[in-house]
Amino acid sequence: MKKTPFVTKAQIEKIAETYPTPFHIYDEKGIRENAKALYEAFAWNPGYKEYFAVKATPNPFLMQILKEYGCGSDCSSMAELVLSEAAGITGTDIMFSSNDTPLEEFAYCEKLGGIINLDDITHIEAVEKSVGYLPKTMSCRYNPGGYFKMSNGIMDNPGDSKYGMTETQIVEAFRIMKEKGVENFGIHAFLASNTVTNEYYPLLAKVLFELAVKLKKETGAHITFINLSGGIGIPYTPEQEPNDIRVIGEGVRRVYEEVLVPAGMGDVALYTELGRYMTGPYGALVTRAIHEKHIHKEYIGTDACAANLMRPAVYGSYHHITVLGKENEPCDHVYDVTGSLCENCDKFAVDRKLPKIEKGDYLFIHDTGAHGHSMGYNYNGKLRSAEILLKEDGEAVLIRRAETLKDYFATFDCFEIGEKLRG
Ligand SMILES: *Cc1c(COP(=O)(O)O)cnc(C)c1O
């Protein structure tokens, strides 16, 4: 599918007068329409709820937009819990799907009334120690091991993943927790990431629904929800076909009616913890070409770097690039588009066919709305960029300012040299 920016060059030129590049910009309209469509696709399940995976884009302004549609938040750290609280998302609107969890975080989750999703059977004790008791509602994360295969060849390798409990452990965990007074149970699994196929959720649902039936039979536990977690992907390349959320919703419904309803479990609520799917396509990194370099290859140097978007450098991920204002020009040049880190992997694109780029051109790097700004870091003393929300009415508002050197040096503030560094 042709990839088109959600802003024009003229809009970006105007925004850049106030907020210099680089910055991440988010499309409010796109986020809203997508959230609405997700809820429509699962409307057949009365208890359905999306817990937005906060780590994808931990910005309270975006979390609040999603909240309007009924989304809660999926957290896995103290900062994410605090962020949810600040955004007005508390109680059972919080799902705490952490792993290797510091004990004080269980306590904070319980203080907010969130649902704890245990990554391991030994965490039952950890929660008791941290919270002082076991909350009435508890969830467990499942890891079936082996390979998870789909018909198009996409697969993932749960057998090699650090998350979740084995089936035997989850049965045991349910027994123990039931004995200790837990009344409502949930199960959760995340078996494949960034799946661009309508098949993943229905396949995962079958695994979890069958497990739920078994758990109910063997332990008598009252299972109130099943959490399909994240993993619905987005088409990063123009060749990929986007997922159809209605088809996915219907696929899950078929399995629900086939497995859960006959087992007398037609009242189980379905939850999701989508991150990438919720915001990924509705964000972009806007950067300017500041250098061109002709050596053994042709290079375009930008004013951004992997510290603003690390996916290409770390995973070799493809992010489509549009040169704003040159949307209809032929892609008859081949460039490596680079950032400024002293790391050769700092390239947003390698051997990419693009229109001729001039210094000063704005590059729109697509699909940075999830796992983009949030994965930012400070290597080489590079600063994290601003985040801007393009409102539905076309107004651009700052939703997180860019870091300054003062921010970067702030942790020296207890030393004498901190004075000098902060100026
Ligand atoms: C990262 C994560 C998600 C979201 O994953 P996406 O690929 O962004 O959909 C959901 N749940 C858990 C537990 C995660 O760690």
# chains A, B, ... in the order shown; residues from 1 in each chain; ligands from 1
$ residues_around --residues "Tyr318 in chain A" --least-positions-apart "2" --cutoff "9 Å" --atoms "only C-alpha atoms" --output "list in words"
Tyr236, Thr237, Arg311, Pro312, Tyr315, Gly316, His320, Phe348 and Ala349 of chain A
$ write_last_selection --atoms "all heavy atoms" --output "PDB file, in the first residue's frame"
ATOM      1  N   TYR A 236       5.241  -1.804   7.808  1.00  0.00           N
ATOM      2  CA  TYR A 236       6.310  -0.804   7.731  1.00  0.00           C
ATOM      3  C   TYR A 236       6.722  -0.556   6.278  1.00  0.00           C
ATOM      4  O   TYR A 236       7.139   0.537   5.926  1.00  0.00           O
ATOM      5  CB  TYR A 236       7.533  -1.258   8.543  1.00  0.00           C
ATOM      6  CG  TYR A 236       7.356  -1.098  10.048  1.00  0.00           C
ATOM      7  CD1 TYR A 236       6.980  -2.164  10.848  1.00  0.00           C
ATOM      8  CD2 TYR A 236       7.566   0.136  10.662  1.00  0.00           C
ATOM      9  CE1 TYR A 236       6.820  -2.022  12.215  1.00  0.00           C
ATOM     10  CE2 TYR A 236       7.410   0.288  12.035  1.00  0.00           C
ATOM     11  CZ  TYR A 236       7.039  -0.800  12.803  1.00  0.00           C
ATOM     12  OH  TYR A 236       6.873  -0.637  14.167  1.00  0.00           O
ATOM     13  N   THR A 237       6.614  -1.589   5.428  1.00  0.00           N
ATOM     14  CA  THR A 237       7.010  -1.410   4.028  1.00  0.00           C
ATOM     15  C   THR A 237       5.775  -1.203   3.166  1.00  0.00           C
ATOM     16  O   THR A 237       4.682  -1.661   3.510  1.00  0.00           O
ATOM     17  CB  THR A 237       7.762  -2.653   3.494  1.00  0.00           C
ATOM     18  OG1 THR A 237       6.827  -3.726   3.329  1.00  0.00           O
ATOM     19  CG2 THR A 237       8.868  -3.091   4.442  1.00  0.00           C
ATOM     20  N   ARG A 311      15.195   1.765  16.069  1.00  0.00           N
ATOM     21  CA  ARG A 311      14.816   0.491  15.445  1.00  0.00           C
ATOM     22  C   ARG A 311      15.675   0.132  14.227  1.00  0.00           C
ATOM     23  O   ARG A 311      16.119  -1.006  14.105  1.00  0.00           O
ATOM     24  CB  ARG A 311      13.324   0.479  15.100  1.00  0.00           C
ATOM     25  CG  ARG A 311      12.412   0.589  16.354  1.00  0.00           C
ATOM     26  CD  ARG A 311      10.943   0.434  16.026  1.00  0.00           C
ATOM     27  NE  ARG A 311      10.597  -0.929  15.706  1.00  0.00           N
ATOM     28  CZ  ARG A 311      10.392  -1.389  14.494  1.00  0.00           C
ATOM     29  NH1 ARG A 311      10.428  -0.577  13.455  1.00  0.00           N
ATOM     30  NH2 ARG A 311      10.110  -2.647  14.293  1.00  0.00           N
ATOM     31  N   PRO A 312      15.931   1.071  13.310  1.00  0.00           N
ATOM     32  CA  PRO A 312      16.775   0.690  12.167  1.00  0.00           C
ATOM     33  C   PRO A 312      18.178   0.259  12.606  1.00  0.00           C
ATOM     34  O   PRO A 312      18.699  -0.747  12.119  1.00  0.00           O
ATOM     35  CB  PRO A 312      16.825   1.969  11.324  1.00  0.00           C
ATOM     36  CG  PRO A 312      15.600   2.728  11.704  1.00  0.00           C
ATOM     37  CD  PRO A 312      15.400   2.435  13.166  1.00  0.00           C
ATOM     38  N   TYR A 315      17.597  -3.200  15.115  1.00  0.00           N
ATOM     39  CA  TYR A 315      16.955  -4.381  14.517  1.00  0.00           C
ATOM     40  C   TYR A 315      17.105  -4.419  12.995  1.00  0.00           C
ATOM     41  O   TYR A 315      16.584  -5.327  12.349  1.00  0.00           O
ATOM     42  CB  TYR A 315      15.450  -4.417  14.816  1.00  0.00           C
ATOM     43  CG  TYR A 315      15.047  -4.229  16.253  1.00  0.00           C
ATOM     44  CD1 TYR A 315      14.129  -3.247  16.608  1.00  0.00           C
ATOM     45  CD2 TYR A 315      15.544  -5.066  17.248  1.00  0.00           C
ATOM     46  CE1 TYR A 315      13.723  -3.083  17.929  1.00  0.00           C
ATOM     47  CE2 TYR A 315      15.141  -4.901  18.561  1.00  0.00           C
ATOM     48  CZ  TYR A 315      14.228  -3.908  18.892  1.00  0.00           C
ATOM     49  OH  TYR A 315      13.830  -3.756  20.185  1.00  0.00           O
ATOM     50  N   GLY A 316      17.729  -3.407  12.414  1.00  0.00           N
ATOM     51  CA  GLY A 316      17.759  -3.327  10.952  1.00  0.00           C
ATOM     52  C   GLY A 316      16.372  -3.097  10.373  1.00  0.00           C
ATOM     53  O   GLY A 316      16.106  -3.450   9.221  1.00  0.00           O
ATOM     54  N   HIS A 320       9.862   3.541   6.233  1.00  0.00           N
ATOM     55  CA  HIS A 320       9.708   4.240   4.961  1.00  0.00           C
ATOM     56  C   HIS A 320      10.039   5.728   5.144  1.00  0.00           C
ATOM     57  O   HIS A 320       9.790   6.292   6.201  1.00  0.00           O
ATOM     58  CB  HIS A 320       8.270   4.068   4.465  1.00  0.00           C
ATOM     59  CG  HIS A 320       8.116   4.373   3.013  1.00  0.00           C
ATOM     60  ND1 HIS A 320       8.693   3.587   2.039  1.00  0.00           N
ATOM     61  CD2 HIS A 320       7.492   5.382   2.370  1.00  0.00           C
ATOM     62  CE1 HIS A 320       8.408   4.110   0.855  1.00  0.00           C
ATOM     63  NE2 HIS A 320       7.678   5.196   1.027  1.00  0.00           N
ATOM     64  N   PHE A 348      19.231   5.497   9.042  1.00  0.00           N
ATOM     65  CA  PHE A 348      17.776   5.318   8.974  1.00  0.00           C
ATOM     66  C   PHE A 348      17.391   4.498   7.747  1.00  0.00           C
ATOM     67  O   PHE A 348      16.320   3.910   7.694  1.00  0.00           O
ATOM     68  CB  PHE A 348      17.068   6.672   8.945  1.00  0.00           C
ATOM     69  CG  PHE A 348      17.226   7.443  10.221  1.00  0.00           C
ATOM     70  CD1 PHE A 348      17.885   8.672  10.248  1.00  0.00           C
ATOM     71  CD2 PHE A 348      16.732   6.938  11.416  1.00  0.00           C
ATOM     72  CE1 PHE A 348      18.028   9.373  11.432  1.00  0.00           C
ATOM     73  CE2 PHE A 348      16.875   7.627  12.610  1.00  0.00           C
ATOM     74  CZ  PHE A 348      17.526   8.855  12.618  1.00  0.00           C
ATOM     75  N   ALA A 349      18.260   4.517   6.737  1.00  0.00           N
ATOM     76  CA  ALA A 349      17.991   3.739   5.527  1.00  0.00           C
ATOM     77  C   ALA A 349      19.316   3.433   4.854  1.00  0.00           C
ATOM     78  O   ALA A 349      20.243   4.238   4.897  1.00  0.00           O
ATOM     79  CB  ALA A 349      17.090   4.522   4.584  1.00  0.00           C
TER      80      ALA A 349
END
$ residues_near_ligand --ligand "ligand 1" --cutoff "8 Å" --atoms "only C-alpha atoms and all ligand atoms" --output "list in words"
Phe52, Ala53, Lys55, Ala56, Asp74, Cys75, Ser76, Ser97, Ser98, Phe190, Ser193, Asn194, Ser229, Gly230, Gly231, Ile232, Gly233, Thr272, Glu273, Leu274, Gly275, Arg276, Tyr277, Met278, Ala370 and His371 of chain A
$ residues_around --residues "range 31-34 of chain A" --least-positions-apart "4" --cutoff "10 Å" --atoms "only C-alpha atoms" --output "list in words"
Tyr26, Asp27, Leu38, Tyr39, Glu40, Leu62, Ile65, Leu66, Glu68, Tyr69, Ile245, Tyr277, Met278, Thr279, Gly280, Pro281, Tyr282, Gly283, Gly369 and Glu392 of chain A
$ write_last_selection --atoms "N, CA, C and O atoms" --output "PDB file, in the first residue's frame"
ATOM      1  N   TYR A  26       2.607  13.314  15.943  1.00  0.00           N
ATOM      2  CA  TYR A  26       1.550  12.291  16.008  1.00  0.00           C
ATOM      3  C   TYR A  26       0.258  12.848  15.415  1.00  0.00           C
ATOM      4  O   TYR A  26      -0.057  14.028  15.575  1.00  0.00           O
ATOM      5  N   ASP A  27      -0.462  11.958  14.767  1.00  0.00           N
ATOM      6  CA  ASP A  27      -1.677  12.311  14.042  1.00  0.00           C
ATOM      7  C   ASP A  27      -2.901  11.938  14.881  1.00  0.00           C
ATOM      8  O   ASP A  27      -3.300  10.764  14.941  1.00  0.00           O
ATOM      9  N   LEU A  38     -11.014  -0.429  16.448  1.00  0.00           N
ATOM     10  CA  LEU A  38     -10.634  -1.578  17.285  1.00  0.00           C
ATOM     11  C   LEU A  38     -11.803  -1.969  18.191  1.00  0.00           C
ATOM     12  O   LEU A  38     -12.171  -3.140  18.299  1.00  0.00           O
ATOM     13  N   TYR A  39     -12.389  -0.957  18.854  1.00  0.00           N
ATOM     14  CA  TYR A  39     -13.504  -1.247  19.759  1.00  0.00           C
ATOM     15  C   TYR A  39     -14.715  -1.793  19.006  1.00  0.00           C
ATOM     16  O   TYR A  39     -15.427  -2.667  19.514  1.00  0.00           O
ATOM     17  N   GLU A  40     -14.915  -1.317  17.770  1.00  0.00           N
ATOM     18  CA  GLU A  40     -16.026  -1.844  16.971  1.00  0.00           C
ATOM     19  C   GLU A  40     -15.789  -3.314  16.618  1.00  0.00           C
ATOM     20  O   GLU A  40     -16.707  -4.125  16.638  1.00  0.00           O
ATOM     21  N   LEU A  62      -1.295  11.303  24.801  1.00  0.00           N
ATOM     22  CA  LEU A  62      -1.782  10.255  23.891  1.00  0.00           C
ATOM     23  C   LEU A  62      -2.593   9.221  24.674  1.00  0.00           C
ATOM     24  O   LEU A  62      -3.630   8.735  24.214  1.00  0.00           O
ATOM     25  N   ILE A  65      -6.065  10.478  25.121  1.00  0.00           N
ATOM     26  CA  ILE A  65      -6.898  10.360  23.910  1.00  0.00           C
ATOM     27  C   ILE A  65      -7.460   8.940  23.836  1.00  0.00           C
ATOM     28  O   ILE A  65      -8.656   8.728  23.630  1.00  0.00           O
ATOM     29  N   LEU A  66      -6.597   7.952  24.049  1.00  0.00           N
ATOM     30  CA  LEU A  66      -7.032   6.553  23.968  1.00  0.00           C
ATOM     31  C   LEU A  66      -8.049   6.225  25.066  1.00  0.00           C
ATOM     32  O   LEU A  66      -8.968   5.433  24.859  1.00  0.00           O
ATOM     33  N   GLU A  68     -10.366   8.013  26.133  1.00  0.00           N
ATOM     34  CA  GLU A  68     -11.717   8.417  25.721  1.00  0.00           C
ATOM     35  C   GLU A  68     -12.480   7.281  25.046  1.00  0.00           C
ATOM     36  O   GLU A  68     -13.702   7.273  25.024  1.00  0.00           O
ATOM     37  N   TYR A  69     -11.741   6.339  24.455  1.00  0.00           N
ATOM     38  CA  TYR A  69     -12.394   5.217  23.774  1.00  0.00           C
ATOM     39  C   TYR A  69     -12.555   4.014  24.690  1.00  0.00           C
ATOM     40  O   TYR A  69     -13.069   2.980  24.285  1.00  0.00           O
ATOM     41  N   ILE A 245      -8.640  -5.165  11.080  1.00  0.00           N
ATOM     42  CA  ILE A 245      -9.022  -5.422  12.462  1.00  0.00           C
ATOM     43  C   ILE A 245     -10.413  -6.054  12.561  1.00  0.00           C
ATOM     44  O   ILE A 245     -10.693  -6.829  13.480  1.00  0.00           O
ATOM     45  N   TYR A 277       0.132  -1.356  17.229  1.00  0.00           N
ATOM     46  CA  TYR A 277      -1.050  -1.212  16.382  1.00  0.00           C
ATOM     47  C   TYR A 277      -1.821   0.079  16.702  1.00  0.00           C
ATOM     48  O   TYR A 277      -2.468   0.659  15.836  1.00  0.00           O
ATOM     49  N   MET A 278      -1.749   0.540  17.949  1.00  0.00           N
ATOM     50  CA  MET A 278      -2.536   1.698  18.374  1.00  0.00           C
ATOM     51  C   MET A 278      -1.963   3.029  17.893  1.00  0.00           C
ATOM     52  O   MET A 278      -2.708   3.960  17.600  1.00  0.00           O
ATOM     53  N   THR A 279      -0.634   3.117  17.870  1.00  0.00           N
ATOM     54  CA  THR A 279      -0.045   4.428  17.568  1.00  0.00           C
ATOM     55  C   THR A 279       1.053   4.393  16.495  1.00  0.00           C
ATOM     56  O   THR A 279       1.419   5.445  15.972  1.00  0.00           O
ATOM     57  N   GLY A 280       1.559   3.203  16.176  1.00  0.00           N
ATOM     58  CA  GLY A 280       2.705   3.109  15.270  1.00  0.00           C
ATOM     59  C   GLY A 280       2.590   3.918  13.987  1.00  0.00           C
ATOM     60  O   GLY A 280       3.442   4.768  13.689  1.00  0.00           O
ATOM     61  N   PRO A 281       1.537   3.675  13.201  1.00  0.00           N
ATOM     62  CA  PRO A 281       1.443   4.367  11.912  1.00  0.00           C
ATOM     63  C   PRO A 281       1.124   5.863  12.046  1.00  0.00           C
ATOM     64  O   PRO A 281       1.226   6.598  11.068  1.00  0.00           O
ATOM     65  N   TYR A 282       0.713   6.265  13.260  1.00  0.00           N
ATOM     66  CA  TYR A 282       0.231   7.643  13.434  1.00  0.00           C
ATOM     67  C   TYR A 282       1.290   8.529  14.074  1.00  0.00           C
ATOM     68  O   TYR A 282       0.976   9.521  14.729  1.00  0.00           O
ATOM     69  N   GLY A 283       2.530   8.156  13.874  1.00  0.00           N
ATOM     70  CA  GLY A 283       3.635   8.980  14.349  1.00  0.00           C
ATOM     71  C   GLY A 283       4.723   8.970  13.300  1.00  0.00           C
ATOM     72  O   GLY A 283       4.844   8.011  12.526  1.00  0.00           O
ATOM     73  N   GLY A 369       5.345   6.033  15.559  1.00  0.00           N
ATOM     74  CA  GLY A 369       4.407   6.351  16.637  1.00  0.00           C
ATOM     75  C   GLY A 369       4.443   5.378  17.805  1.00  0.00           C
ATOM     76  O   GLY A 369       3.872   5.640  18.860  1.00  0.00           O
ATOM     77  N   GLU A 392      -6.785  17.333  15.374  1.00  0.00           N
ATOM     78  CA  GLU A 392      -7.715  17.085  14.261  1.00  0.00           C
ATOM     79  C   GLU A 392      -7.983  18.349  13.454  1.00  0.00           C
ATOM     80  O   GLU A 392      -8.219  18.286  12.253  1.00  0.00           O
TER      81      GLU A 392
END
$ residues_around --residues "Glu199 in chain A" --least-positions-apart "5" --cutoff "12 Å" --atoms "only C-alpha atoms" --output "list in words"
Phe148, Lys149, Met150, Ser151, Asn152, Gly153, Ile154, Met155, Ala192, Leu204, Ala205, Lys206, Gly231, Ile232, Gly233, Asn243, Asp244, Ile245, Arg246, Val247, Ile248, Gly249, Glu250, Gly251, Val252 and Val255 of chain A
$ select_by_dssp --residues "range 244-355 of chain A" --states "alpha helix (DSSP H)" --output "ChimeraX atom specification"
/A:245-255,276-279,311-315
$ residues_around --residues "Phe174 in chain A" --least-positions-apart "2" --cutoff "10 Å" --atoms "only C-alpha atoms" --output "ChimeraX atom specification"
/A:121,138-140,169-172,176-180,182,185-186,215-216,218-222
$ residues_around --residues "range 289-294 of chain A" --least-positions-apart "6" --cutoff "9 Å" --atoms "only C-alpha atoms" --output "short mmCIF file (atom, residue, chain, number, x, y, z; two decimals) with C-alpha atoms, in the first residue's frame"
data_model
loop_
_atom_site.label_atom_id
_atom_site.label_comp_id
_atom_site.auth_asym_id
_atom_site.auth_seq_id
_atom_site.Cartn_x
_atom_site.Cartn_y
_atom_site.Cartn_z
CA ILE A 300 22.54 12.10 3.32
CA GLY A 301 23.21 13.29 6.87
CA THR A 302 20.21 14.33 8.94
CA ASP A 303 19.79 16.34 12.12
CA VAL A 337 20.37 8.19 5.17
CA ILE A 357 17.68 15.22 -1.77
CA GLU A 358 18.92 18.77 -1.23
CA LYS A 359 20.28 20.15 2.01
CA GLY A 360 17.37 21.60 3.94
CA ASP A 361 14.84 19.05 2.70
CA TYR A 362 12.48 17.65 5.32
CA LEU A 363 12.45 13.89 5.61
#
